[in-house]
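Chemist: Have a peek at data24.pdb (PDB, C-alpha atoms).
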MODEL        1
ATOM      1  CA  MET A 120     -17.528 -85.923  12.785
ATOM      2  CA  ARG A 121     -18.415 -86.354  16.461
ATOM      3  CA  ILE A 122     -15.956 -83.616  17.493
ATOM      4  CA  ARG A 123     -17.374 -81.224  14.892
ATOM      5  CA  LYS A 124     -20.948 -81.961  15.957
ATOM      6  CA  MET A 125     -20.106 -81.332  19.609
ATOM      7  CA  ALA A 126     -18.453 -78.041  18.664
ATOM      8  CA  VAL A 127     -21.504 -76.965  16.659
ATOM      9  CA  LEU A 128     -23.928 -77.817  19.439
ATOM     10  CA  ALA A 129     -21.708 -75.991  21.930
ATOM     11  CA  LEU A 130     -21.781 -72.914  19.691
ATOM     12  CA  VAL A 131     -25.568 -73.063  19.365
ATOM     13  CA  ALA A 132     -25.901 -73.426  23.146
ATOM     14  CA  PHE A 133     -23.664 -70.389  23.628
ATOM     15  CA  MET A 134     -25.796 -68.364  21.183
ATOM     16  CA  ILE A 135     -28.937 -69.285  23.099
ATOM     17  CA  MET A 136     -27.394 -68.445  26.479
ATOM     18  CA  ALA A 137     -26.109 -65.147  25.110
ATOM     19  CA  GLY A 138     -29.589 -64.280  23.892
ATOM     20  CA  GLN A 139     -28.497 -64.294  20.260
ATOM     21  CA  ILE A 140     -30.960 -67.033  19.312
ATOM     22  CA  ALA A 141     -34.357 -66.778  20.921
ATOM     23  CA  VAL A 142     -35.473 -70.415  21.123
ATOM     24  CA  ALA A 143     -33.424 -73.541  21.838
ATOM     25  CA  ALA A 144     -32.848 -75.857  18.884
ATOM     26  CA  GLU A 145     -34.828 -78.666  20.534
ATOM     27  CA  GLY A 146     -37.970 -76.568  20.688
ATOM     28  CA  GLN A 147     -40.179 -75.137  17.984
ATOM     29  CA  GLU A 148     -37.200 -73.479  16.273
ATOM     30  CA  ALA A 149     -35.746 -76.886  15.354
ATOM     31  CA  GLN A 150     -38.668 -77.652  13.052
ATOM     32  CA  LYS A 151     -38.003 -74.705  10.781
ATOM     33  CA  ALA A 152     -36.737 -75.536   7.302
ATOM     34  CA  VAL A 153     -34.018 -73.680   5.414
ATOM     35  CA  LEU A 154     -33.000 -73.914   1.755
ATOM     36  CA  VAL A 155     -29.255 -73.549   1.104
ATOM     37  CA  THR A 156     -28.132 -73.133  -2.497
ATOM     38  CA  GLY A 157     -24.702 -74.319  -3.589
ATOM     39  CA  ALA A 158     -24.553 -76.778  -0.698
ATOM     40  CA  SER A 159     -22.138 -79.295  -2.213
ATOM     41  CA  SER A 160     -18.910 -77.746  -0.918
ATOM     42  CA  GLY A 161     -17.275 -74.811   0.833
ATOM     43  CA  ILE A 162     -19.469 -72.360   2.702
ATOM     44  CA  GLY A 163     -22.718 -73.953   1.517
ATOM     45  CA  LEU A 164     -21.743 -77.375   2.819
ATOM     46  CA  LYS A 165     -20.525 -75.933   6.114
ATOM     47  CA  VAL A 166     -23.791 -74.010   6.576
ATOM     48  CA  THR A 167     -25.738 -77.191   5.817
ATOM     49  CA  GLU A 168     -23.706 -79.112   8.408
ATOM     50  CA  TYR A 169     -24.224 -76.446  11.074
ATOM     51  CA  LEU A 170     -27.956 -76.143  10.509
ATOM     52  CA  SER A 171     -28.568 -79.887  10.345
ATOM     53  CA  ASP A 172     -26.403 -80.619  13.409
ATOM     54  CA  ALA A 173     -28.358 -77.982  15.327
ATOM     55  CA  GLY A 174     -31.624 -79.746  14.481
ATOM     56  CA  TYR A 175     -32.970 -77.575  11.684
ATOM     57  CA  PHE A 176     -34.252 -79.205   8.506
ATOM     58  CA  VAL A 177     -32.168 -78.320   5.456
ATOM     59  CA  TYR A 178     -33.084 -78.470   1.801
ATOM     60  CA  ALA A 179     -29.601 -78.621   0.290
ATOM     61  CA  GLY A 180     -29.300 -77.484  -3.305
ATOM     62  CA  ALA A 181     -26.697 -79.091  -5.582
ATOM     63  CA  ARG A 182     -26.251 -79.971  -9.254
ATOM     64  CA  LYS A 183     -24.314 -83.248  -9.432
ATOM     65  CA  GLU A 184     -25.800 -86.649  -8.626
ATOM     66  CA  LYS A 185     -22.913 -87.687  -6.372
ATOM     67  CA  ASP A 186     -23.335 -84.505  -4.322
ATOM     68  CA  LEU A 187     -27.095 -84.997  -4.052
ATOM     69  CA  GLU A 188     -26.564 -88.539  -2.751
ATOM     70  CA  ARG A 189     -23.918 -87.417  -0.245
ATOM     71  CA  LEU A 190     -26.152 -84.641   1.078
ATOM     72  CA  ASN A 191     -29.110 -86.997   1.389
ATOM     73  CA  ALA A 192     -27.047 -89.214   3.696
ATOM     74  CA  MET A 193     -26.770 -86.406   6.251
ATOM     75  CA  PRO A 194     -29.292 -86.205   9.114
ATOM     76  CA  ASN A 195     -32.035 -83.584   8.774
ATOM     77  CA  VAL A 196     -31.056 -82.958   5.143
ATOM     78  CA  GLN A 197     -32.963 -83.491   1.911
ATOM     79  CA  SER A 198     -31.068 -82.671  -1.250
ATOM     80  CA  VAL A 199     -32.757 -80.890  -4.142
ATOM     81  CA  ARG A 200     -31.395 -80.683  -7.649
ATOM     82  CA  LEU A 201     -30.858 -76.979  -8.092
ATOM     83  CA  ASP A 202     -28.865 -75.067 -10.673
ATOM     84  CA  VAL A 203     -29.612 -71.397  -9.970
ATOM     85  CA  THR A 204     -29.178 -70.568 -13.672
ATOM     86  CA  ILE A 205     -31.957 -72.955 -14.753
ATOM     87  CA  GLN A 206     -35.493 -71.757 -14.088
ATOM     88  CA  GLU A 207     -36.906 -75.260 -14.548
ATOM     89  CA  ASP A 208     -34.709 -76.520 -11.695
ATOM     90  CA  ILE A 209     -35.878 -73.685  -9.467
ATOM     91  CA  ASP A 210     -39.544 -74.255 -10.285
ATOM     92  CA  ALA A 211     -39.167 -77.979  -9.586
ATOM     93  CA  ALA A 212     -37.509 -77.229  -6.238
ATOM     94  CA  VAL A 213     -40.385 -74.921  -5.297
ATOM     95  CA  GLU A 214     -42.863 -77.676  -6.161
ATOM     96  CA  THR A 215     -40.920 -80.291  -4.175
ATOM     97  CA  ILE A 216     -40.583 -78.152  -1.066
ATOM     98  CA  THR A 217     -44.208 -77.007  -1.228
ATOM     99  CA  LYS A 218     -45.439 -80.607  -1.465
ATOM    100  CA  GLU A 219     -43.307 -81.625   1.538
ATOM    101  CA  GLY A 220     -45.613 -79.514   3.697
ATOM    102  CA  ARG A 221     -42.985 -78.195   6.125
ATOM    103  CA  GLY A 222     -43.111 -74.721   4.698
ATOM    104  CA  LEU A 223     -39.887 -72.772   4.291
ATOM    105  CA  TYR A 224     -38.638 -70.418   6.972
ATOM    106  CA  GLY A 225     -35.201 -69.574   5.618
ATOM    107  CA  LEU A 226     -33.362 -69.102   2.352
ATOM    108  CA  VAL A 227     -29.567 -68.907   2.136
ATOM    109  CA  ASN A 228     -28.465 -67.661  -1.285
ATOM    110  CA  ASN A 229     -24.983 -69.150  -1.304
ATOM    111  CA  ALA A 230     -24.323 -70.541  -4.792
ATOM    112  CA  GLY A 231     -21.540 -68.552  -6.426
ATOM    113  CA  VAL A 232     -18.706 -68.645  -8.927
ATOM    114  CA  ALA A 233     -15.720 -66.462  -9.776
ATOM    115  CA  ILE A 234     -13.990 -65.592 -13.005
ATOM    116  CA  VAL A 235     -10.551 -64.023 -12.995
ATOM    117  CA  GLY A 236      -8.789 -61.695 -15.402
ATOM    118  CA  PRO A 237      -8.627 -58.062 -16.498
ATOM    119  CA  LEU A 238     -12.075 -56.627 -17.164
ATOM    120  CA  VAL A 239     -11.214 -55.444 -20.679
ATOM    121  CA  GLU A 240     -10.026 -58.966 -21.550
ATOM    122  CA  THR A 241     -13.102 -60.688 -20.126
ATOM    123  CA  SER A 242     -15.270 -62.287 -22.788
ATOM    124  CA  HIS A 243     -18.977 -61.587 -22.986
ATOM    125  CA  GLU A 244     -19.574 -65.279 -22.305
ATOM    126  CA  ASP A 245     -17.502 -65.281 -19.103
ATOM    127  CA  PHE A 246     -19.070 -62.044 -17.888
ATOM    128  CA  HIS A 247     -22.545 -63.436 -18.494
ATOM    129  CA  PHE A 248     -21.625 -66.639 -16.650
ATOM    130  CA  GLN A 249     -20.445 -64.597 -13.663
ATOM    131  CA  MET A 250     -23.609 -62.534 -13.467
ATOM    132  CA  ASN A 251     -25.919 -65.405 -14.350
ATOM    133  CA  VAL A 252     -24.882 -67.290 -11.214
ATOM    134  CA  ASN A 253     -23.982 -64.562  -8.702
ATOM    135  CA  LEU A 254     -26.536 -61.891  -9.630
ATOM    136  CA  TYR A 255     -29.410 -63.452 -11.522
ATOM    137  CA  GLY A 256     -29.176 -66.597  -9.393
ATOM    138  CA  PRO A 257     -30.185 -64.958  -6.084
ATOM    139  CA  PHE A 258     -32.819 -62.922  -7.931
ATOM    140  CA  ARG A 259     -34.379 -66.003  -9.532
ATOM    141  CA  VAL A 260     -34.310 -68.121  -6.385
ATOM    142  CA  THR A 261     -35.544 -65.352  -4.077
ATOM    143  CA  LYS A 262     -38.381 -64.446  -6.423
ATOM    144  CA  ALA A 263     -39.464 -68.077  -6.723
ATOM    145  CA  PHE A 264     -39.385 -68.865  -2.995
ATOM    146  CA  ALA A 265     -40.602 -65.489  -1.705
ATOM    147  CA  PRO A 266     -44.228 -66.643  -1.245
ATOM    148  CA  LEU A 267     -43.120 -69.500   1.037
ATOM    149  CA  ILE A 268     -40.775 -67.233   3.031
ATOM    150  CA  ILE A 269     -43.456 -64.561   3.380
ATOM    151  CA  ALA A 270     -45.970 -67.155   4.561
ATOM    152  CA  SER A 271     -43.495 -68.165   7.301
ATOM    153  CA  GLU A 272     -42.462 -64.582   8.108
ATOM    154  CA  GLY A 273     -38.956 -65.936   7.739
ATOM    155  CA  ARG A 274     -35.465 -64.886   6.733
ATOM    156  CA  ILE A 275     -33.498 -64.394   3.522
ATOM    157  CA  THR A 276     -29.716 -64.411   3.856
ATOM    158  CA  THR A 277     -27.358 -63.893   0.939
ATOM    159  CA  ILE A 278     -23.673 -64.753   0.991
ATOM    160  CA  GLY A 279     -21.914 -61.651  -0.273
ATOM    161  CA  SER A 280     -18.197 -60.997   0.083
ATOM    162  CA  ILE A 281     -15.796 -58.342   1.272
ATOM    163  CA  SER A 282     -14.880 -58.327  -2.448
ATOM    164  CA  GLY A 283     -18.159 -56.508  -2.915
ATOM    165  CA  ILE A 284     -16.542 -53.645  -1.010
ATOM    166  CA  LEU A 285     -12.907 -54.186  -2.028
ATOM    167  CA  SER A 286     -12.528 -54.186  -5.806
ATOM    168  CA  SER A 287      -9.129 -55.367  -6.972
ATOM    169  CA  PRO A 288      -7.436 -55.947 -10.338
ATOM    170  CA  ASN A 289      -8.393 -59.192 -12.103
ATOM    171  CA  LEU A 290     -11.472 -59.685  -9.906
ATOM    172  CA  ALA A 291     -13.657 -56.924 -11.336
ATOM    173  CA  ALA A 292     -16.534 -59.081 -12.577
ATOM    174  CA  TYR A 293     -16.694 -61.049  -9.328
ATOM    175  CA  SER A 294     -16.564 -57.866  -7.228
ATOM    176  CA  MET A 295     -19.289 -56.314  -9.366
ATOM    177  CA  SER A 296     -21.551 -59.305  -8.775
ATOM    178  CA  LYS A 297     -20.993 -59.168  -5.016
ATOM    179  CA  HIS A 298     -21.349 -55.385  -4.856
ATOM    180  CA  ALA A 299     -24.767 -55.854  -6.446
ATOM    181  CA  MET A 300     -25.766 -57.939  -3.418
ATOM    182  CA  GLU A 301     -25.418 -54.814  -1.290
ATOM    183  CA  ALA A 302     -28.232 -53.095  -3.178
ATOM    184  CA  PHE A 303     -30.162 -56.366  -3.455
ATOM    185  CA  THR A 304     -30.117 -56.786   0.329
ATOM    186  CA  ASP A 305     -31.076 -53.229   1.256
ATOM    187  CA  ALA A 306     -33.878 -52.918  -1.288
ATOM    188  CA  LEU A 307     -35.320 -56.364  -0.546
ATOM    189  CA  ALA A 308     -35.178 -55.708   3.198
ATOM    190  CA  GLY A 309     -37.223 -52.552   2.786
ATOM    191  CA  GLU A 310     -39.753 -54.280   0.567
ATOM    192  CA  LEU A 311     -40.278 -57.376   2.720
ATOM    193  CA  GLU A 312     -40.034 -55.938   6.231
ATOM    194  CA  PRO A 313     -43.740 -54.899   6.216
ATOM    195  CA  GLN A 314     -44.568 -58.556   5.508
ATOM    196  CA  GLY A 315     -42.569 -59.821   8.474
ATOM    197  CA  VAL A 316     -39.518 -61.043   6.541
ATOM    198  CA  MET A 317     -35.987 -60.091   7.599
ATOM    199  CA  VAL A 318     -33.265 -59.837   4.944
ATOM    200  CA  ASN A 319     -29.514 -59.694   5.497
ATOM    201  CA  VAL A 320     -26.140 -60.407   3.951
ATOM    202  CA  VAL A 321     -23.116 -62.298   5.285
ATOM    203  CA  GLU A 322     -19.845 -60.941   3.875
ATOM    204  CA  PRO A 323     -16.953 -63.405   4.203
ATOM    205  CA  GLY A 324     -13.279 -62.801   3.658
ATOM    206  CA  ASN A 325     -10.876 -65.529   2.581
ATOM    207  CA  TYR A 326     -11.893 -68.983   3.778
ATOM    208  CA  LYS A 327     -11.301 -72.464   2.433
ATOM    209  CA  SER A 328     -13.481 -73.222  -0.584
ATOM    210  CA  LYS A 329     -13.332 -74.530  -4.141
ATOM    211  CA  ILE A 330     -14.410 -71.271  -5.788
ATOM    212  CA  SER A 331     -10.938 -70.262  -7.023
ATOM    213  CA  GLU A 332     -10.048 -73.799  -8.092
ATOM    214  CA  SER A 333     -13.305 -74.095 -10.028
ATOM    215  CA  ALA A 334     -12.832 -70.662 -11.592
ATOM    216  CA  PHE A 335      -9.335 -71.465 -12.782
ATOM    217  CA  GLN A 336     -10.303 -74.912 -14.053
ATOM    218  CA  ARG A 337     -13.105 -73.379 -16.091
ATOM    219  CA  LEU A 338     -10.749 -70.821 -17.608
ATOM    220  CA  ILE A 339      -8.177 -73.450 -18.535
ATOM    221  CA  THR A 340     -10.810 -75.762 -20.023
ATOM    222  CA  ASP A 341     -12.385 -72.996 -22.081
ATOM    223  CA  LYS A 342      -9.048 -71.703 -23.362
ATOM    224  CA  ILE A 343      -7.843 -75.163 -24.375
ATOM    225  CA  ALA A 344     -11.160 -75.931 -26.072
ATOM    226  CA  ALA A 345     -10.904 -72.709 -28.039
ATOM    227  CA  GLY A 346      -7.270 -73.322 -28.954
ATOM    228  CA  GLU A 347      -6.226 -70.106 -27.230
ATOM    229  CA  GLU A 348      -3.187 -69.181 -25.171
ATOM    230  CA  LEU A 349      -3.448 -68.206 -21.511
ATOM    231  CA  THR A 350      -3.165 -64.451 -20.979
ATOM    232  CA  PRO A 351      -0.224 -63.134 -18.942
ATOM    233  CA  ALA A 352      -2.583 -62.487 -16.024
ATOM    234  CA  MET A 353      -3.834 -66.073 -16.126
ATOM    235  CA  LYS A 354      -0.293 -67.453 -16.286
ATOM    236  CA  GLU A 355       0.705 -65.294 -13.335
ATOM    237  CA  TRP A 356      -2.315 -66.537 -11.370
ATOM    238  CA  GLN A 357      -1.510 -70.145 -12.254
ATOM    239  CA  GLU A 358       2.128 -69.826 -11.211
ATOM    240  CA  SER A 359       1.331 -67.969  -7.994
ATOM    241  CA  GLY A 360      -0.925 -70.737  -6.714
ATOM    242  CA  SER A 361      -3.613 -68.171  -5.901
ATOM    243  CA  ASN A 362      -6.293 -70.629  -6.974
ATOM    244  CA  ASP A 363      -5.307 -72.934  -4.094
ATOM    245  CA  ARG A 364      -7.384 -71.996  -1.051
ATOM    246  CA  SER A 365      -6.482 -75.035   1.029
ATOM    247  CA  GLN A 366      -4.275 -72.888   3.270
ATOM    248  CA  TYR A 367      -7.259 -70.867   4.469
ATOM    249  CA  LYS A 368      -9.401 -71.572   7.526
ATOM    250  CA  GLU A 369     -12.503 -73.704   7.326
ATOM    251  CA  PRO A 370     -15.553 -71.410   7.054
ATOM    252  CA  ASP A 371     -16.989 -72.304  10.474
ATOM    253  CA  GLU A 372     -17.190 -68.617  11.411
ATOM    254  CA  VAL A 373     -19.192 -67.929   8.271
ATOM    255  CA  ALA A 374     -21.634 -70.732   9.090
ATOM    256  CA  ALA A 375     -22.020 -69.380  12.622
ATOM    257  CA  ALA A 376     -22.833 -65.951  11.201
ATOM    258  CA  VAL A 377     -25.464 -67.508   8.939
ATOM    259  CA  MET A 378     -27.008 -69.161  12.004
ATOM    260  CA  LEU A 379     -27.335 -65.724  13.589
ATOM    261  CA  ALA A 380     -28.615 -64.145  10.395
ATOM    262  CA  GLN A 381     -31.298 -66.818  10.122
ATOM    263  CA  PHE A 382     -32.332 -67.276  13.750
ATOM    264  CA  ALA A 383     -31.185 -64.412  15.977
ATOM    265  CA  GLU A 384     -34.085 -62.524  17.524
ATOM    266  CA  ASN A 385     -32.699 -59.213  16.259
ATOM    267  CA  PRO A 386     -30.353 -60.020  13.367
ATOM    268  CA  LYS A 387     -28.018 -57.472  11.860
ATOM    269  CA  ARG A 388     -28.419 -56.316   8.271
ATOM    270  CA  ARG A 389     -24.745 -57.105   7.563
ATOM    271  CA  TYR A 390     -22.311 -59.613   9.028
ATOM    272  CA  MET A 391     -18.683 -59.139   8.015
ATOM    273  CA  VAL A 392     -16.805 -62.370   8.773
ATOM    274  CA  VAL A 393     -13.047 -62.351   8.195
ATOM    275  CA  PRO A 394     -10.284 -64.688   9.378
ATOM    276  CA  ASN A 395      -7.818 -62.041  10.512
ATOM    277  CA  GLN A 396      -7.289 -58.415  11.488
ATOM    278  CA  GLN A 397      -5.721 -57.514   8.148
ATOM    279  CA  GLU A 398      -8.830 -58.326   6.132
ATOM    280  CA  ALA A 399     -10.989 -56.424   8.614
ATOM    281  CA  ASP A 400      -8.682 -53.410   8.270
ATOM    282  CA  TRP A 401      -8.809 -53.541   4.467
ATOM    283  CA  THR A 402     -12.598 -53.598   4.453
ATOM    284  CA  ILE A 403     -13.389 -50.996   7.099
ATOM    285  CA  LYS A 404     -10.734 -48.588   5.808
ATOM    286  CA  GLN A 405     -12.193 -48.866   2.316
ATOM    287  CA  MET A 406     -15.636 -47.937   3.638
ATOM    288  CA  VAL A 407     -14.139 -44.929   5.437
ATOM    289  CA  ARG A 408     -12.207 -43.993   2.288
ATOM    290  CA  GLU A 409     -15.402 -44.018   0.238
ATOM    291  CA  LEU A 410     -17.159 -41.876   2.843
ATOM    292  CA  VAL A 411     -14.365 -39.303   2.673
ATOM    293  CA  GLN A 412     -14.392 -39.321  -1.143
ATOM    294  CA  LEU A 413     -18.164 -38.810  -1.300
ATOM    295  CA  ASN A 414     -18.047 -36.026   1.260
ATOM    296  CA  ASP A 415     -15.097 -34.176  -0.263
ATOM    297  CA  ASP A 416     -15.535 -30.862  -2.101
ATOM    298  CA  GLN A 417     -19.267 -30.867  -2.753
ATOM    299  CA  PRO A 418     -21.865 -28.205  -1.857
ATOM    300  CA  TYR A 419     -23.208 -30.058   1.177
ATOM    301  CA  THR A 420     -19.948 -31.251   2.706
ATOM    302  CA  TYR A 421     -19.971 -32.306   6.351
ATOM    303  CA  SER A 422     -17.293 -30.902   8.596
ATOM    304  CA  ARG A 423     -15.033 -33.232  10.544
ATOM    305  CA  GLU A 424     -17.174 -32.589  13.593
ATOM    306  CA  GLY A 425     -20.319 -33.312  11.598
ATOM    307  CA  LEU A 426     -18.953 -36.641  10.399
ATOM    308  CA  ILE A 427     -18.036 -37.601  13.950
ATOM    309  CA  GLU A 428     -21.582 -36.753  15.076
ATOM    310  CA  LEU A 429     -22.974 -38.985  12.335
ATOM    311  CA  LEU A 430     -20.681 -41.826  13.406
ATOM    312  CA  ASP A 431     -21.629 -41.390  17.061
ATOM    313  CA  ALA A 432     -25.318 -41.492  16.147
ATOM    314  CA  GLU A 433     -24.856 -44.780  14.266
ATOM    315  CA  LEU A 434     -22.791 -46.281  17.082
ATOM    316  CA  ASN A 435     -25.362 -45.275  19.721
ATOM    317  CA  PRO A 436     -28.769 -45.353  17.993
ATOM    318  CA  GLU A 437     -30.633 -45.781  21.264
ATOM    319  CA  GLU A 438     -29.583 -42.242  22.219
ATOM    320  CA  ASP A 439     -31.382 -40.687  19.225
TER     321      ASP A 439
ENDMDL
END
Would it be possible to restate this file's structure as structure tokens?
Modeler:
Amino acid sequence: MRIRKMAVLALVAFMIMAGQIAVAAEGQEAQKAVLVTGASSGIGLKVTEYLSDAGYFVYAGARKEKDLERLNAMPNVQSVRLDVTIQEDIDAAVETITKEGRGLYGLVNNAGVAIVGPLVETSHEDFHFQMNVNLYGPFRVTKAFAPLIIASEGRITTIGSISGILSSPNLAAYSMSKHAMEAFTDALAGELEPQGVMVNVVEPGNYKSKISESAFQRLITDKIAAGEELTPAMKEWQESGSNDRSQYKEPDEVAAAVMLAQFAENPKRRYMVVPNQQEADWTIKQMVRELVQLNDDQPYTYSREGLIELLDAELNPEED
């Protein structure tokens, strides 16, 4: 714990020295409060640890009593019972945080789930579960806490995924939910910018988390309860060990990106955070591929030179 805390504080100090965060954590910035949903494990827990170790106050959302107690034991952290699919939980969290009197500077929409399997074999119930958490969840929470964020002229950061750009077989519903966060982020940013609120999205690649394990466990439980057989795709996933993410890196880089998204003086709209060159290549090449497909064989096609000019303009906006 001491080694991790020293590493976090060193990272924060580097961000300040590099001009990425405007005010040192021991000043006024440290008093700002941030709500993190899905804070019991994985990325949400890591973000909570980073923010709290850096001196920010964190309202950490979780569903289970044991997780709420564990989060409460952390410094600068107050747990709140928060299931993003239950409006009563959200309303109660708004009331609790409002009564605390600290205000709310930041919101990190992190809570998420994944279901796996071919889209045409996905049940209506599973599809609804996927969207209820990953799509309706950020909508509900953001809508409920928007007045507090606007009052603070704060930040809203959503944890997306490179799966929102890279759609692959057996992950269609999950990719759809994360692709929706692209539109969510851009539209919300345009709507709230006049009110002093900055909105962005952090898009992680493969890091250590319990999302695949939880997804697979839910599938198995539901199938057994219904007396059904696993589909070939589910059996293949089970045998491949793809639900085991313990081999991946801890999501420290993701938490660091959230720190920037929440507190950098001039945050980016998007932060892609991947653990290796391969995942970066997959994602950027897919974006280029989509650009080429959209531009191809239509009445207003850009030439190669025109596309390069557009890219140059985006890479050097100060020259416009």
Chemist: With distances taken over only C-alpha atoms, which of A:Gln405, A:Lys183, A:Asn395, A:Thr217 is nearest to Ala263 of chain A?
Modeler: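 Closest to Ala263 of chain A of all the choices is A:Thr217.
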Chemist: Please, which residues in segment 233-342 of chain A fall within 12 Å of segment 366-383 of chain A when counting all atoms listed in the file, and what is the closest atom pair and distance in Å to one decimal for each, ordered by chain then residue number, as JSON lines?
Modeler:
{"residue": "A:Ile268", "atom": "CA", "partner": "A:Gln381", "partner_atom": "CA", "distance": 11.8}
{"residue": "A:Glu272", "atom": "CA", "partner": "A:Gln381", "partner_atom": "CA", "distance": 11.6}
{"residue": "A:Gly273", "atom": "CA", "partner": "A:Gln381", "partner_atom": "CA", "distance": 8.1}
{"residue": "A:Arg274", "atom": "CA", "partner": "A:Gln381", "partner_atom": "CA", "distance": 5.7}
{"residue": "A:Ile275", "atom": "CA", "partner": "A:Gln381", "partner_atom": "CA", "distance": 7.4}
{"residue": "A:Thr276", "atom": "CA", "partner": "A:Ala380", "partner_atom": "CA", "distance": 6.6}
{"residue": "A:Thr277", "atom": "CA", "partner": "A:Val377", "partner_atom": "CA", "distance": 9.0}
{"residue": "A:Ile278", "atom": "CA", "partner": "A:Val377", "partner_atom": "CA", "distance": 8.6}
{"residue": "A:Gly279", "atom": "CA", "partner": "A:Val373", "partner_atom": "CA", "distance": 10.9}
{"residue": "A:Ser280", "atom": "CA", "partner": "A:Val373", "partner_atom": "CA", "distance": 10.8}
{"residue": "A:Val316", "atom": "CA", "partner": "A:Gln381", "partner_atom": "CA", "distance": 10.7}
{"residue": "A:Met317", "atom": "CA", "partner": "A:Gln381", "partner_atom": "CA", "distance": 8.6}
{"residue": "A:Val318", "atom": "CA", "partner": "A:Ala380", "partner_atom": "CA", "distance": 8.4}
{"residue": "A:Asn319", "atom": "CA", "partner": "A:Ala380", "partner_atom": "CA", "distance": 6.7}
{"residue": "A:Val320", "atom": "CA", "partner": "A:Ala380", "partner_atom": "CA", "distance": 7.9}
{"residue": "A:Val321", "atom": "CA", "partner": "A:Val377", "partner_atom": "CA", "distance": 6.8}
{"residue": "A:Glu322", "atom": "CA", "partner": "A:Val373", "partner_atom": "CA", "distance": 8.3}
{"residue": "A:Pro323", "atom": "CA", "partner": "A:Val373", "partner_atom": "CA", "distance": 6.5}
{"residue": "A:Gly324", "atom": "CA", "partner": "A:Val373", "partner_atom": "CA", "distance": 9.1}
{"residue": "A:Asn325", "atom": "CA", "partner": "A:Tyr367", "partner_atom": "CA", "distance": 6.7}
{"residue": "A:Tyr326", "atom": "CA", "partner": "A:Tyr367", "partner_atom": "CA", "distance": 5.0}
{"residue": "A:Lys327", "atom": "CA", "partner": "A:Tyr367", "partner_atom": "CA", "distance": 4.8}
{"residue": "A:Ser328", "atom": "CA", "partner": "A:Glu369", "partner_atom": "CA", "distance": 8.0}
{"residue": "A:Lys329", "atom": "CA", "partner": "A:Tyr367", "partner_atom": "CA", "distance": 11.2}
Chemist: What's the separation between atom CA of Gln249 of chain A and atom CA of Val155 of chain A, in Å to one decimal place?
Modeler: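 Between these atoms lies a distance of 19.4 Å.
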Chemist: State, in Å with one decimal place, the distance from atom CA of Glu384 of chain A to atom CA of Phe258 of chain A.
Modeler: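 So the answer is 25.5 Å.
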Chemist: Residues near Gly222 of chain A, anyone? I mean within 9 Å using all atoms listed in the file, not counting same-chain ones fewer than 5 positions away, as number ranges by chain.
Modeler: A: 151-152, 216-217, 267-268, 270-271
Chemist: So that I can see what lies close to Ile284 of chain A, please list as an MDAnalysis selection string the residues with an atom at most 12 Å from it, counting all atoms listed in the file and leaving out residues fewer than 5 positions away in the same chain.
Modeler: chainID A and resid 279 290:291 293:302 322:324 391 398:399 401:409
Chemist: Between A:Gly157, A:Pro288, A:Gly180, A:Gly256, which has the minimum distance to Val235 of chain A (counting all atoms listed in the file)?
Modeler: A:Pro288
Chemist: From the options A:Ser159, A:Phe246, A:Ser282, A:Leu429, which residue's atoms come nearest to Glu188 of chain A, counting only C-alpha atoms?
Modeler: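 Residue with the minimum atom-to-atom distance to Glu188 of chain A: A:Ser159.
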Chemist: For a test of reading the model, state the distance in Å between atom CA of Leu226 of chain A and atom CA of Leu170 of chain A, rounded to one decimal.
Modeler: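 Answer for the atom CA of Leu226 of chain A to atom CA of Leu170 of chain A separation: 12.1 Å.
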Chemist: When you get a chance, write out N, CA and C atoms for segment 221-229 of chain A, as an mmCIF file, in the coordinates of the input.
Modeler:
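What landed in rebuild.cif:
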data_model
loop_
_atom_site.group_PDB
_atom_site.id
_atom_site.type_symbol
_atom_site.label_atom_id
_atom_site.label_comp_id
_atom_site.auth_asym_id
_atom_site.auth_seq_id
_atom_site.Cartn_x
_atom_site.Cartn_y
_atom_site.Cartn_z
ATOM 1 N N ARG A 221 -43.649 -78.796 4.959
ATOM 2 C CA ARG A 221 -42.985 -78.195 6.125
ATOM 3 C C ARG A 221 -43.024 -76.675 6.081
ATOM 4 N N GLY A 222 -43.291 -76.142 4.899
ATOM 5 C CA GLY A 222 -43.111 -74.721 4.698
ATOM 6 C C GLY A 222 -41.622 -74.433 4.529
ATOM 7 N N LEU A 223 -41.287 -73.171 4.423
ATOM 8 C CA LEU A 223 -39.887 -72.772 4.291
ATOM 9 C C LEU A 223 -39.680 -71.482 5.070
ATOM 10 N N TYR A 224 -38.906 -71.596 6.141
ATOM 11 C CA TYR A 224 -38.638 -70.418 6.972
ATOM 12 C C TYR A 224 -37.472 -69.601 6.440
ATOM 13 N N GLY A 225 -36.419 -70.293 5.986
ATOM 14 C CA GLY A 225 -35.201 -69.574 5.618
ATOM 15 C C GLY A 225 -34.688 -69.909 4.243
ATOM 16 N N LEU A 226 -34.057 -68.923 3.627
ATOM 17 C CA LEU A 226 -33.362 -69.102 2.352
ATOM 18 C C LEU A 226 -31.958 -68.557 2.508
ATOM 19 N N VAL A 227 -30.959 -69.353 2.135
ATOM 20 C CA VAL A 227 -29.567 -68.907 2.136
ATOM 21 C C VAL A 227 -29.070 -68.947 0.695
ATOM 22 N N ASN A 228 -28.979 -67.780 0.077
ATOM 23 C CA ASN A 228 -28.465 -67.661 -1.285
ATOM 24 C C ASN A 228 -26.940 -67.749 -1.238
ATOM 25 N N ASN A 229 -26.426 -68.949 -1.434
ATOM 26 C CA ASN A 229 -24.983 -69.150 -1.304
ATOM 27 C C ASN A 229 -24.290 -69.455 -2.623
#
